[in-house]
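Chemist: Sharing a structure here in structure tokens format.
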Amino acid sequence: MSRPSELRPLNDDELAQRLNDAKEELFNLRFQLAMGKQDNSARMGQVRREVARALTLQGERKAGAPRAVAGAGADKRADKRKVAR
């Protein structure tokens, strides 16, 4: 399973290739499910999340959005509480 930290350093072509690979794997898993030959049903959810991660990164790059910092919202809320009191 690809983590966002593993996908961020990839260039646009490599990210697109990863996305295509994941979509192809998802298609194959759906086909196996329909045929009743799927061994690992949890893999479908993992691949769906990989597709979502890759699409999110592509969207961020297209929009030129800065990378999000974990926990940044909590600091802002704490500052507002201090000012309000």
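Numbering starts fresh at 1 for the residues of each chain in the structure tokens, the chains themselves are lettered A, B, ... in the order given, and ligands are numbered from 1 as they appear.
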I'd like the contact shell of Arg61 in chain A - 12 Å cut-off, only C-alpha atoms, skipping same-chain residues fewer than 6 positions apart - returned as a VMD selection string.
Modeler: chain A and resid 8 to 12 15 54 to 55 67
Chemist: Please dump the current selection as an mmCIF file, in the first residue's frame; keep C-alpha atoms.
Modeler:
```cif
data_model
loop_
_atom_site.group_PDB
_atom_site.id
_atom_site.type_symbol
_atom_site.label_atom_id
_atom_site.label_comp_id
_atom_site.auth_asym_id
_atom_site.auth_seq_id
_atom_site.Cartn_x
_atom_site.Cartn_y
_atom_site.Cartn_z
ATOM 1 C CA ARG A 8 4.742 12.956 -3.035
ATOM 2 C CA PRO A 9 8.342 12.693 -4.343
ATOM 3 C CA LEU A 10 7.162 11.108 -7.612
ATOM 4 C CA ASN A 11 6.977 13.307 -10.691
ATOM 5 C CA ASP A 12 3.693 13.716 -12.578
ATOM 6 C CA LEU A 15 2.266 9.356 -10.311
ATOM 7 C CA ALA A 54 -3.060 9.431 -6.213
ATOM 8 C CA LEU A 55 -6.060 11.427 -7.435
ATOM 9 C CA ARG A 67 1.009 20.714 1.279
#
```
Chemist: Might you pull out every residue within 12 Å of Glu6 in chain A, with only C-alpha atoms counted and same-chain residues fewer than 6 positions away left off, and present them as a list in words?
Modeler: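 So, after excluding close chain neighbours, the residues are Glu14, Leu15, Arg18, Glu50, Arg53, Ala54 and Leu57 of chain A.
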Chemist: When you draw a straight line from CA of Glu25 in chain A to CA of Val47 in chain A, how long is it in Å?
Modeler: 7.4 Å
Chemist: What is the distance between CA of Leu29 in chain A and CA of Gln46 in chain A, in Å to one decimal?
Modeler: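 According to the coordinates, CA of Leu29 in chain A and CA of Gln46 in chain A are separated by 11.1 Å.
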